[in-house]
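Q: One structure, as structure tokens, below. Some questions next.
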Amino acid sequence: MPSDKEIYKSITEISIGTPEPKRAETNLLRFMDTAPEKERFLPYLKETAKLFAVSQFLANFCISNPAQLFSALKMMGEPITKEFLSKKSNEELFLHGESDITNIMKRIRLFKKQYLLRITLRDITGETDTLSSMDELTFLAEIIICFALQCALEINARRFGDPSSDEEPSLIALGKLGGEELNYSSDVDLMAVYATEEGQTSGTLSPAGIRTNRINNNEFYFKVIELFNKILSMNTEDGIAYRVDFRLRPQGEKGEIALPVKAYQTYYETWGRTWERMALIRSRPVAGSKQLGREFMNIIEPFVWEKTIDYSEIEEIKALKKKIDSTFLKDDIKRGYGGIREAEFFIQTFQLMYGKEHTGLRTHRFLNAVQSLRWIGIVPEEDIVTLRDNYLYLRRLEHLLQM
């Protein structure tokens, strides 16, 4: 084994080749001073230095959890699939009747960090590209969301009994989660739908054999989604899991946080706005009842795709664009001119305008819509290629900034 002097010299030399040499060196020296069996990390100094240069958050996690780093380094070549994460979730995030919210939140945050570590390592070492890293980040969020929803359902069922409907609620993703292109610091945009507000929960039996704690379905699902939100969004000593955003639901923050499926149908048939059509382009079920999720998607399909764009909606789209243009800073790669949001807005406008007649545009995935526009020939191919290439460049830049 090399001497400490030789190791420290190697650390200095390797750190010079990273994006942030001083940060890489400082973190590596901290790590090597405290890590047990530090010789096992020597073959991975280059990868570790790069990780410690780009992410102080993960550097701190690794310094406190060297075994997690070693495991991630050994498994860098293994893809992070949804099936893999589902298996790991069953092994590491088991519920087994637990009601301790603090412990559940702690396990979720640890689970996210250890697999975010692997995803980031795979990204910065070239094992994945921008598209596949977005896939892996999306898979991780979906698995954690599914587990958090199950926790919230089980805990509330133990408190209030089962609701009159046997069907679980469904969580509908929008935004980048809906588009299956999550980044390293995305909010997760969601809407919650349940089967019916009619009926009550079964309640719980008191020691005297009397049924108590019966509440109506609407109140039950409201409590489920509130607890789900707390499990993921609450800032604990281990940080947050995800920032959950329900503001895209009907009536925004003024509306109910969870609604029965018929209420969504009535709202979109009566009050739905153009911006909501654009938001729902990227919607898809991600957790809970698959059947209810499909029913929701069937309900919104005519609202999103079958309506013809009229003059008032074109004016609303122009007003939305103007609003976006007025809310950015000069170097904002997301909201600035030619930025990520503008590219998405451009493509979604064409999806709304031509999705009725061209079913290939009816997709929640941005790049699939770009490819469909290219095939249809509505937009000059040179412009579409330029948009696609620069969009991917900006998404890559966004990932590196957020790490």
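Going by the structure tokens order, chains are called A, B, ..., each with residues numbered from 1, while ligands are numbered from 1 in the order shown.
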Counting only C-alpha atoms, which residues in range 119-195 of chain A sit no more than 8 Å from range 355-367 of chain A? For each one, give the nearest pair of atoms and the distance in Å, sorted by chain then residue number, as CSV.
A:
```
residue,atom,partner,partner_atom,distance
A:Gly178,CA,A:His364,CA,6.7
A:Gly179,CA,A:Arg365,CA,4.7
A:Glu180,CA,A:Arg365,CA,6.7
A:Glu181,CA,A:Arg365,CA,8.0
```
Q: Go ahead and write the residues just picked, all heavy atoms, as a compact mmCIF listing (two decimals), in the first residue's frame.
A:
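File produced: part.txt:
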```txt
# COMPACT_ATOMS: atom_id res chain seq x y z
N GLY A 178 -43.89 13.84 -15.18
CA GLY A 178 -44.84 13.32 -16.15
C GLY A 178 -44.18 13.02 -17.49
O GLY A 178 -44.51 12.05 -18.15
N GLY A 179 -43.24 13.87 -17.87
CA GLY A 179 -42.53 13.68 -19.13
C GLY A 179 -41.40 12.67 -19.07
O GLY A 179 -40.69 12.48 -20.06
N GLU A 180 -41.20 12.03 -17.92
CA GLU A 180 -40.14 11.05 -17.71
C GLU A 180 -38.75 11.64 -18.00
O GLU A 180 -37.90 10.99 -18.61
CB GLU A 180 -40.37 9.80 -18.57
CG GLU A 180 -41.65 9.06 -18.24
CD GLU A 180 -41.82 7.77 -19.02
OE1 GLU A 180 -41.08 6.81 -18.75
OE2 GLU A 180 -42.70 7.74 -19.92
N GLU A 181 -38.56 12.86 -17.54
CA GLU A 181 -37.26 13.50 -17.75
C GLU A 181 -36.88 14.35 -16.54
O GLU A 181 -36.50 15.51 -16.66
CB GLU A 181 -37.28 14.35 -19.03
CG GLU A 181 -38.45 15.30 -19.14
CD GLU A 181 -38.44 16.09 -20.44
OE1 GLU A 181 -37.95 15.57 -21.45
OE2 GLU A 181 -38.93 17.23 -20.43
```
Q: Where does DSSP see strand (DSSP E or B) in range 118-282 of chain A, if you list the residues as a list of chain:residue names?
A: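 Residues meeting the strand (DSSP E or B) criterion: A:Ser170, A:Leu171, A:Ile172, A:Ala173, A:Leu174, A:Val188, A:Asp189, A:Leu190, A:Met191, A:Ala192, A:Val193, A:Tyr194, A:Gln200, A:Thr204, A:Leu205, A:Arg211, A:Thr212, A:Asn216, A:Thr236, A:Gly239, A:Val244, A:Asp245, A:Ala258, A:Leu259, A:Pro260.
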Q: Need the shell around range 344-353 of chain A: protein/DNA/RNA residues with any atom at most 9 Å away, counting only C-alpha atoms. Skip same-chain ones fewer than 6 positions apart. Format as number ranges by chain?
A: A: 277-279, 281, 304-305, 307-309, 317, 321, 361-363, 366, 369-370, 373, 378, 391
Q: Which residues are near range 29-37 of chain A? Cut-off 9 Å, only C-alpha atoms, ignore same chain within fewer than 2 positions. Put them as a PyMOL selection string.
A: chain A and resi 7-8+11+24-27+39-41+59-60+62-67
Q: Compile the contact shell of Lys82 in chain A as a list in words: residues with an atom at most 10 Å away, counting only C-alpha atoms, same-chain residues fewer than 6 positions apart removed.
A: Lys88, Asp135, Glu136, Leu137, Thr138, Phe139, Leu140, Ala141, Glu142 and Ile143 of chain A
Q: Please, could you write that set of residues out with N, CA and C atoms as a CSV table (one decimal), in the first residue's frame?
A:
```
chain,number,residue,atom,x,y,z
A,88,LYS,N,-35.1,-3.3,-4.7
A,88,LYS,CA,-34.4,-2.8,-3.6
A,88,LYS,C,-35.3,-2.1,-2.6
A,135,ASP,N,-33.9,9.2,-17.2
A,135,ASP,CA,-34.7,8.0,-16.9
A,135,ASP,C,-34.4,7.4,-15.5
A,136,GLU,N,-33.2,7.3,-15.1
A,136,GLU,CA,-32.9,6.8,-13.8
A,136,GLU,C,-33.4,7.7,-12.7
A,137,LEU,N,-33.3,9.0,-12.9
A,137,LEU,CA,-33.8,9.9,-11.8
A,137,LEU,C,-35.3,9.8,-11.7
A,138,THR,N,-36.0,9.6,-12.9
A,138,THR,CA,-37.4,9.4,-12.9
A,138,THR,C,-37.8,8.1,-12.2
A,139,PHE,N,-37.1,7.0,-12.5
A,139,PHE,CA,-37.4,5.7,-11.9
A,139,PHE,C,-37.3,5.8,-10.3
A,140,LEU,N,-36.3,6.5,-9.9
A,140,LEU,CA,-36.0,6.6,-8.4
A,140,LEU,C,-37.2,7.4,-7.8
A,141,ALA,N,-37.6,8.5,-8.4
A,141,ALA,CA,-38.7,9.3,-7.8
A,141,ALA,C,-40.0,8.4,-7.8
A,142,GLU,N,-40.3,7.7,-8.9
A,142,GLU,CA,-41.5,6.9,-9.0
A,142,GLU,C,-41.6,5.9,-7.9
A,143,ILE,N,-40.5,5.2,-7.6
A,143,ILE,CA,-40.5,4.1,-6.6
A,143,ILE,C,-40.7,4.7,-5.2
```
Q: Can you list, as a VMD selection string, all residues belonging to range 78-311 of chain A that DSSP tags as alpha helix (DSSP H)?
A: chain A and resid 82 to 92 101 to 124 130 to 160 175 to 178 217 to 233 261 to 270 274 to 280 290 to 301 311
Q: Contacts of Val193 in chain A at 12 Å or less, counting only C-alpha atoms, minus same-chain residues fewer than 6 places along, as a tab-separated table (two decimals) with N, CA and C atoms, in the first residue's frame?
A:
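Heads up, here's the output in out32.tsv:
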```tsv
chain	number	residue	atom	x	y	z
A	167	GLU	N	-60.81	0.68	-4.11
A	167	GLU	CA	-59.79	1.12	-5.05
A	167	GLU	C	-58.88	2.18	-4.42
A	168	GLU	N	-57.58	1.99	-4.57
A	168	GLU	CA	-56.62	2.98	-4.09
A	168	GLU	C	-56.76	4.26	-4.90
A	169	PRO	N	-56.32	5.38	-4.35
A	169	PRO	CA	-56.25	6.59	-5.18
A	169	PRO	C	-55.15	6.44	-6.23
A	170	SER	N	-55.14	7.32	-7.18
A	170	SER	CA	-54.09	7.33	-8.20
A	170	SER	C	-53.40	8.68	-8.18
A	171	LEU	N	-52.08	8.67	-8.31
A	171	LEU	CA	-51.32	9.91	-8.42
A	171	LEU	C	-50.93	10.11	-9.87
A	172	ILE	N	-51.28	11.28	-10.39
A	172	ILE	CA	-51.00	11.64	-11.78
A	172	ILE	C	-49.82	12.61	-11.81
A	173	ALA	N	-48.78	12.25	-12.52
A	173	ALA	CA	-47.60	13.12	-12.62
A	173	ALA	C	-47.76	14.08	-13.79
A	217	ASN	N	-65.28	9.58	2.82
A	217	ASN	CA	-64.21	9.27	1.86
A	217	ASN	C	-63.37	10.49	1.51
A	218	ASN	N	-64.03	11.61	1.28
A	218	ASN	CA	-63.31	12.82	0.89
A	218	ASN	C	-62.28	13.21	1.95
A	221	TYR	N	-59.24	10.65	2.01
A	221	TYR	CA	-58.23	10.80	0.95
A	221	TYR	C	-57.48	12.13	1.09
A	222	PHE	N	-58.16	13.14	1.62
A	222	PHE	CA	-57.47	14.39	1.91
A	222	PHE	C	-56.35	14.14	2.92
A	224	VAL	N	-54.86	11.29	3.54
A	224	VAL	CA	-53.84	10.45	2.90
A	224	VAL	C	-52.85	11.30	2.12
A	225	ILE	N	-53.37	12.20	1.29
A	225	ILE	CA	-52.49	13.02	0.45
A	225	ILE	C	-51.70	14.03	1.28
A	246	PHE	N	-48.62	20.39	-5.79
A	246	PHE	CA	-49.98	20.03	-6.23
A	246	PHE	C	-50.71	21.22	-6.87
A	249	ARG	N	-53.41	21.32	-9.90
A	249	ARG	CA	-54.74	20.73	-9.78
A	249	ARG	C	-55.81	21.78	-10.10
A	250	PRO	N	-57.06	21.35	-10.34
A	250	PRO	CA	-58.14	22.30	-10.58
A	250	PRO	C	-58.24	23.35	-9.48
A	256	GLU	N	-59.37	21.55	-3.77
A	256	GLU	CA	-59.10	20.39	-2.92
A	256	GLU	C	-57.83	19.69	-3.39
A	257	ILE	N	-57.05	19.19	-2.44
A	257	ILE	CA	-55.78	18.56	-2.78
A	257	ILE	C	-55.98	17.18	-3.42
A	258	ALA	N	-57.15	16.59	-3.21
A	258	ALA	CA	-57.52	15.33	-3.86
A	258	ALA	C	-58.99	15.42	-4.26
A	259	LEU	N	-59.30	14.91	-5.46
A	259	LEU	CA	-60.66	15.00	-5.99
A	259	LEU	C	-61.11	13.66	-6.56
A	260	PRO	N	-62.43	13.38	-6.52
A	260	PRO	CA	-62.92	12.18	-7.20
A	260	PRO	C	-62.83	12.35	-8.70
A	261	VAL	N	-62.75	11.25	-9.41
A	261	VAL	CA	-62.52	11.30	-10.85
A	261	VAL	C	-63.60	12.08	-11.58
A	262	LYS	N	-64.86	11.98	-11.14
A	262	LYS	CA	-65.96	12.69	-11.79
A	262	LYS	C	-65.81	14.20	-11.63
A	263	ALA	N	-65.23	14.63	-10.53
A	263	ALA	CA	-65.03	16.07	-10.32
A	263	ALA	C	-64.03	16.62	-11.33
A	264	TYR	N	-62.99	15.84	-11.65
A	264	TYR	CA	-62.04	16.27	-12.67
A	264	TYR	C	-62.75	16.39	-14.01
A	265	GLN	N	-63.60	15.41	-14.34
A	265	GLN	CA	-64.31	15.43	-15.61
A	265	GLN	C	-65.19	16.69	-15.72
A	285	PRO	N	-50.20	8.45	-15.10
A	285	PRO	CA	-50.28	7.88	-13.75
A	285	PRO	C	-48.93	7.31	-13.32
A	286	VAL	N	-48.56	7.55	-12.06
A	286	VAL	CA	-47.26	7.04	-11.57
A	286	VAL	C	-47.37	6.21	-10.29
A	287	ALA	N	-48.50	6.27	-9.61
A	287	ALA	CA	-48.62	5.52	-8.35
A	287	ALA	C	-50.08	5.27	-8.04
A	288	GLY	N	-50.32	4.25	-7.23
A	288	GLY	CA	-51.68	3.92	-6.83
A	288	GLY	C	-52.40	3.08	-7.86
A	289	SER	N	-53.71	3.23	-7.93
A	289	SER	CA	-54.56	2.40	-8.79
A	289	SER	C	-54.28	2.65	-10.27
A	290	LYS	N	-53.87	1.59	-10.97
A	290	LYS	CA	-53.64	1.71	-12.41
A	290	LYS	C	-54.95	1.91	-13.16
A	291	GLN	N	-55.99	1.21	-12.71
A	291	GLN	CA	-57.29	1.32	-13.36
A	291	GLN	C	-57.85	2.74	-13.26
A	292	LEU	N	-57.74	3.33	-12.07
A	292	LEU	CA	-58.22	4.69	-11.87
A	292	LEU	C	-57.37	5.68	-12.68
A	293	GLY	N	-56.08	5.39	-12.76
A	293	GLY	CA	-55.20	6.23	-13.56
A	293	GLY	C	-55.60	6.22	-15.02
A	294	ARG	N	-55.93	5.03	-15.55
A	294	ARG	CA	-56.37	4.93	-16.95
A	294	ARG	C	-57.70	5.66	-17.15
A	295	GLU	N	-58.60	5.56	-16.17
A	295	GLU	CA	-59.88	6.26	-16.26
A	295	GLU	C	-59.67	7.77	-16.32
A	296	PHE	N	-58.76	8.28	-15.50
A	296	PHE	CA	-58.45	9.71	-15.52
A	296	PHE	C	-57.91	10.12	-16.89
A	297	MET	N	-57.01	9.32	-17.45
A	297	MET	CA	-56.43	9.66	-18.75
A	297	MET	C	-57.49	9.65	-19.85
A	299	ILE	N	-60.62	10.38	-19.42
A	299	ILE	CA	-61.47	11.55	-19.20
A	299	ILE	C	-60.84	12.82	-19.76
```
Q: Report as a VMD selection string all protein, DNA and RNA residues lying within 10 Å of Ile340 in chain A, evaluated on only C-alpha atoms, omitting residues in the same chain fewer than 2 positions from it.
A: chain A and resid 332 to 338 342 to 345 387 390 to 395 398
Q: So how many Å separate CA of Thr102 in chain A and CA of Gln114 in chain A, to one decimal?
A: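 Spanning CA of Thr102 in chain A to CA of Gln114 in chain A is a straight-line distance of 18.6 Å.
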